[in-house]
Each structure stands twice: as C-alpha cells, then as structure tokens.
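Trainee: There's a structure below that I have some questions on.
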Amino acid sequence: DGLRIVSSFSDYLRALSTALHAHGLKLSQCVGSYPKPDQRTAEIATFYDPQVVGEANDVVRVMNYDMYYVGGRNLKGSITSRPDCVGMGPAATQPWAEMSMRWWLARVPASKLVMGVPAYSNDYSALPFFGGANGSQAGIGPPSSSEPCRCPSDGCPGPCRQSSGPVESIWEFDRQSYTYMYTDPDGRPRIRYGTEVESTKALLRTATKLGVDQVGFWTFNLADEAMVNATLEWAS
C-alpha cells in the first residue's frame, strides 16, 4: 500500500509539472530534512520518490528545521513515534543541516535546492518529564534582553558560558548554536535552544561549502534584522 502511494504521487507530480510548464509556470515542493523510516512501513521512508521530486520540480525546498518538533509529545496518534518528536533540542544544528543537504544533493541538482533555515527557537520546561507538557516555538535569541556570551562562531575553541541576570547562555560549539537556561516569571526552570544571527551564519557557511546558493527562512517575517542582513551579505 505504501509503494502504491509513492507511485501515485509520482504520477501526480509528473502530470502537474507538465501542465504548469505548458503555461510557463514553475513547480516547487517542500520536503523533509531527509527521509526518516516510517514506523509502520519500514520498506519506505516517505510518500514521495526523491528522484521524481528532483525531476518534476523546478525548486525543492528542504525544511532544515524541526530537527526537534516542540509540539510532538503528548499527542494522540502515531506522530509521537516520529524521531523529531522524541526528546528535546534545537530547531536545527549545523551538522544536522549539512547531513540533510548532502542527502538531497545526491538526488537533486544543487541549482534546484533551497536550504531551509529556521527563524524561531525551541523552548521547553526543564522540570522532570518536560513539566508534563509540550515545548513551544519561541522568538529569536535569548528569552530576555540579556545578551548571550559572544564567542565567535569561526574558530571558537569550545563552549562559551556566561550568566546574565536570570539567564545563562551557552555557545554549543559542536552544534554552532546557543542554549539558554533561565527561570520563567513563576520561578520555574526552562531551557531554550536558540536561533539567532550566529547560528544562521553557521548554516549559511554550510550552504556555501556545499555549493547551495539559495536559502529561505521559516518564516521570513520572524527573522530579525541581524539575520536578514547576514543573509543579504552572504547572497552578495
């Protein structure tokens, strides 16, 4: 049944591509960071054939975010068994994004690929069992006006740790992103896996390294001025 779905979707993509191109239009598709084994049908990974995705589409947007989906726990249904719904962590890391893009570059021409970049942070309760609740998508940077420790992302020798008021910021060298430990107004401990200009620059350098010259924020209106300026400078 899973293979039938893949075949049917491939036929749909080819037909849609032909129809759109006949009218001078283009076809684009958003795809997962890289296919993960389906818990129910291990013989297939997704409902689409990556080769057909690359052939039929003019643009393929790789969603390099939701490495951890903050809303994936405590939900009824099969979603809780997905790998991105287990545990807690950032929206993306540089090593994960590089692995993702390498997977797609082996199947889709670089000229068609857009590397997705997160414009939000993941925020969780630091109480046992995640405080009995899901996390939440949060804004850019630290959870207050406190500035994170400024460890340069190029050549940083290791983690950088700094406390500023109720917020402790940690530059995770292996992830190329910040982690913030803080307490909410009710005094409860929380942890935020941040997204900000330094983690964005790390992803942009990855795109350059891999020969991918198109990136896109999810979502664009959430990216702050520093992230946008860094991206414009990269694109120029």
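In the structure tokens, chains take the letters A, B, ... in the order shown, each chain's residues start at 1, and ligands count up from 1 in the order shown.
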Near Asp49 of chain A, counting only C-alpha atoms, which residues have an atom at most 7 Å away, once you skip same-chain residues fewer than 2 positions from it, shown as a PDB file with N, CA, C and O atoms, in the first residue's frame?

Mentor:
```
ATOM      1  N   VAL A   6       3.379   6.019  -3.110  1.00  0.00           N
ATOM      2  CA  VAL A   6       4.550   6.658  -3.711  1.00  0.00           C
ATOM      3  C   VAL A   6       4.393   6.738  -5.223  1.00  0.00           C
ATOM      4  O   VAL A   6       4.661   7.775  -5.842  1.00  0.00           O
ATOM      5  N   SER A  10       4.030  10.141  -7.530  1.00  0.00           N
ATOM      6  CA  SER A  10       4.974  10.389  -8.616  1.00  0.00           C
ATOM      7  C   SER A  10       4.238  10.726  -9.900  1.00  0.00           C
ATOM      8  O   SER A  10       4.621  11.659 -10.629  1.00  0.00           O
ATOM      9  N   GLN A  51      13.892  10.887  -6.335  1.00  0.00           N
ATOM     10  CA  GLN A  51      14.353  11.069  -7.713  1.00  0.00           C
ATOM     11  C   GLN A  51      13.306  11.791  -8.548  1.00  0.00           C
ATOM     12  O   GLN A  51      13.618  12.689  -9.326  1.00  0.00           O
ATOM     13  N   VAL A  52      12.041  11.408  -8.376  1.00  0.00           N
ATOM     14  CA  VAL A  52      10.960  12.050  -9.122  1.00  0.00           C
ATOM     15  C   VAL A  52      10.772  13.485  -8.651  1.00  0.00           C
ATOM     16  O   VAL A  52      10.493  14.386  -9.451  1.00  0.00           O
ATOM     17  N   VAL A  53      10.931  13.719  -7.360  1.00  0.00           N
ATOM     18  CA  VAL A  53      10.857  15.077  -6.828  1.00  0.00           C
ATOM     19  C   VAL A  53      11.863  15.973  -7.546  1.00  0.00           C
ATOM     20  O   VAL A  53      11.551  17.093  -7.953  1.00  0.00           O
TER      21      VAL A  53
END
```

Trainee: Name all residues at most 10 Å from segment 227-235 of chain A (count only C-alpha atoms; drop same-chain ones fewer than 2 positions away) and give them as a ChimeraX atom specification.

Mentor: /A:119,140,195-201,204-205,207-208,213-217,220-225

Trainee: Take the residues from that selection and put them in a file with N, CA, C and O atoms, as a tab-separated table (two decimals), in the first residue's frame.

Mentor:
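Output saved as result.tsv:
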```tsv
chain	number	residue	atom	x	y	z
A	119	ALA	N	13.79	30.36	11.72
A	119	ALA	CA	13.73	31.72	12.27
A	119	ALA	C	12.92	31.70	13.56
A	119	ALA	O	12.12	32.60	13.82
A	140	ILE	N	13.51	34.83	18.49
A	140	ILE	CA	14.93	34.79	18.18
A	140	ILE	C	15.74	35.14	19.43
A	140	ILE	O	15.38	36.04	20.19
A	195	THR	N	17.91	30.26	18.26
A	195	THR	CA	18.25	30.58	16.87
A	195	THR	C	18.52	32.07	16.84
A	195	THR	O	17.73	32.86	17.38
A	196	GLU	N	19.63	32.47	16.26
A	196	GLU	CA	19.99	33.88	16.19
A	196	GLU	C	21.02	34.04	15.06
A	196	GLU	O	21.26	33.12	14.30
A	197	VAL	N	21.61	35.21	14.95
A	197	VAL	CA	22.46	35.50	13.80
A	197	VAL	C	23.67	34.57	13.74
A	197	VAL	O	24.07	34.16	12.64
A	198	GLU	N	24.27	34.18	14.88
A	198	GLU	CA	25.46	33.34	14.82
A	198	GLU	C	25.14	31.94	14.31
A	198	GLU	O	25.89	31.38	13.50
A	199	SER	N	24.03	31.36	14.76
A	199	SER	CA	23.66	30.04	14.25
A	199	SER	C	23.25	30.13	12.78
A	199	SER	O	23.50	29.20	12.00
A	200	THR	N	22.64	31.25	12.40
A	200	THR	CA	22.28	31.45	10.99
A	200	THR	C	23.53	31.53	10.11
A	200	THR	O	23.59	30.93	9.03
A	201	LYS	N	24.54	32.25	10.58
A	201	LYS	CA	25.79	32.35	9.82
A	201	LYS	C	26.43	30.97	9.63
A	201	LYS	O	27.00	30.68	8.56
A	204	LEU	N	24.64	29.36	6.84
A	204	LEU	CA	24.99	29.98	5.56
A	204	LEU	C	26.36	29.51	5.08
A	204	LEU	O	26.57	29.26	3.89
A	205	ARG	N	27.31	29.37	6.01
A	205	ARG	CA	28.63	28.85	5.62
A	205	ARG	C	28.51	27.42	5.11
A	205	ARG	O	29.25	27.00	4.20
A	207	ALA	N	25.90	26.19	3.51
A	207	ALA	CA	25.37	26.28	2.15
A	207	ALA	C	26.49	26.59	1.16
A	207	ALA	O	26.57	25.99	0.07
A	208	THR	N	27.36	27.51	1.51
A	208	THR	CA	28.49	27.85	0.65
A	208	THR	C	29.40	26.64	0.45
A	208	THR	O	29.83	26.33	-0.68
A	213	ASP	N	23.22	27.77	-3.40
A	213	ASP	CA	23.21	29.23	-3.42
A	213	ASP	C	21.84	29.84	-3.15
A	213	ASP	O	21.63	31.03	-3.39
A	214	GLN	N	20.91	29.02	-2.64
A	214	GLN	CA	19.59	29.55	-2.29
A	214	GLN	C	19.22	29.09	-0.88
A	214	GLN	O	19.36	27.91	-0.55
A	215	VAL	N	18.75	30.04	-0.07
A	215	VAL	CA	18.26	29.71	1.27
A	215	VAL	C	16.92	30.39	1.48
A	215	VAL	O	16.57	31.35	0.78
A	216	GLY	N	16.16	29.90	2.45
A	216	GLY	CA	14.87	30.51	2.76
A	216	GLY	C	14.55	30.33	4.23
A	216	GLY	O	14.80	29.27	4.80
A	217	PHE	N	14.02	31.39	4.88
A	217	PHE	CA	13.66	31.32	6.29
A	217	PHE	C	12.26	30.76	6.47
A	217	PHE	O	11.36	31.00	5.67
A	220	PHE	N	9.83	33.92	7.09
A	220	PHE	CA	10.65	35.10	6.81
A	220	PHE	C	10.34	36.26	7.76
A	220	PHE	O	11.23	36.97	8.20
A	221	ASN	N	9.06	36.44	8.11
A	221	ASN	CA	8.70	37.59	8.93
A	221	ASN	C	9.19	37.47	10.38
A	221	ASN	O	9.11	38.42	11.15
A	222	LEU	N	9.73	36.31	10.77
A	222	LEU	CA	10.25	36.12	12.13
A	222	LEU	C	11.74	36.37	12.22
A	222	LEU	O	12.27	36.55	13.33
A	223	ALA	N	12.44	36.36	11.12
A	223	ALA	CA	13.88	36.59	11.13
A	223	ALA	C	14.16	38.04	11.54
A	223	ALA	O	13.50	38.96	11.06
A	224	ASP	N	15.14	38.23	12.45
A	224	ASP	CA	15.41	39.60	12.89
A	224	ASP	C	16.35	40.29	11.91
A	224	ASP	O	16.86	39.69	10.95
A	225	GLU	N	16.60	41.57	12.17
A	225	GLU	CA	17.37	42.38	11.23
A	225	GLU	C	18.78	41.84	11.05
A	225	GLU	O	19.31	41.83	9.93
```

Trainee: Would you mind listing what lies within 10 Å of Thr219 of chain A as number ranges by chain, with only C-alpha atoms counted and same-chain residues fewer than 6 positions away left out?

Mentor: A: 116-120

Trainee: Out of A:Ala106, A:Ala92, A:Ala56, A:Val70, which residue has the shortest atom-to-atom distance to Gln176 of chain A when counting only C-alpha atoms?

Mentor: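 The closest residue to Gln176 of chain A is A:Ala92.
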
Trainee: List the neighbours of Gly54 of chain A out to 10 Å using only C-alpha atoms; skip same-chain residues closer than 5 positions along the sequence, and give me the result as a PyMOL selection string.

Mentor: chain A and resi 28-29+49+59-60+104-105+107-110+112-113

Trainee: Please report, as a ChimeraX atom specification, each residue of segment 42-230 of chain A to which DSSP assigns strand (DSSP E) when run on this structure's backbone.

Mentor: /A:59-62,113-118,121-125,136-138,160-164,167-172,177-183,189-193,215-218

Trainee: Using atom CA of Asp84 of chain A and atom CA of Arg175 of chain A as the two end points, give the distance in Å to one decimal.

Mentor: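 We find that atom CA of Asp84 of chain A and atom CA of Arg175 of chain A lie 16.5 Å from each other.
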
Trainee: Would you kindly return, as a PyMOL selection string, each protein, DNA or RNA residue with an atom no farther than 10 Å from any atom of Tyr193 of chain A, considering only C-alpha atoms and excluding same-chain residues fewer than 4 positions away?

Mentor: chain A and resi 88-93+120-124+137-138+140-142+169-170+172+177-181
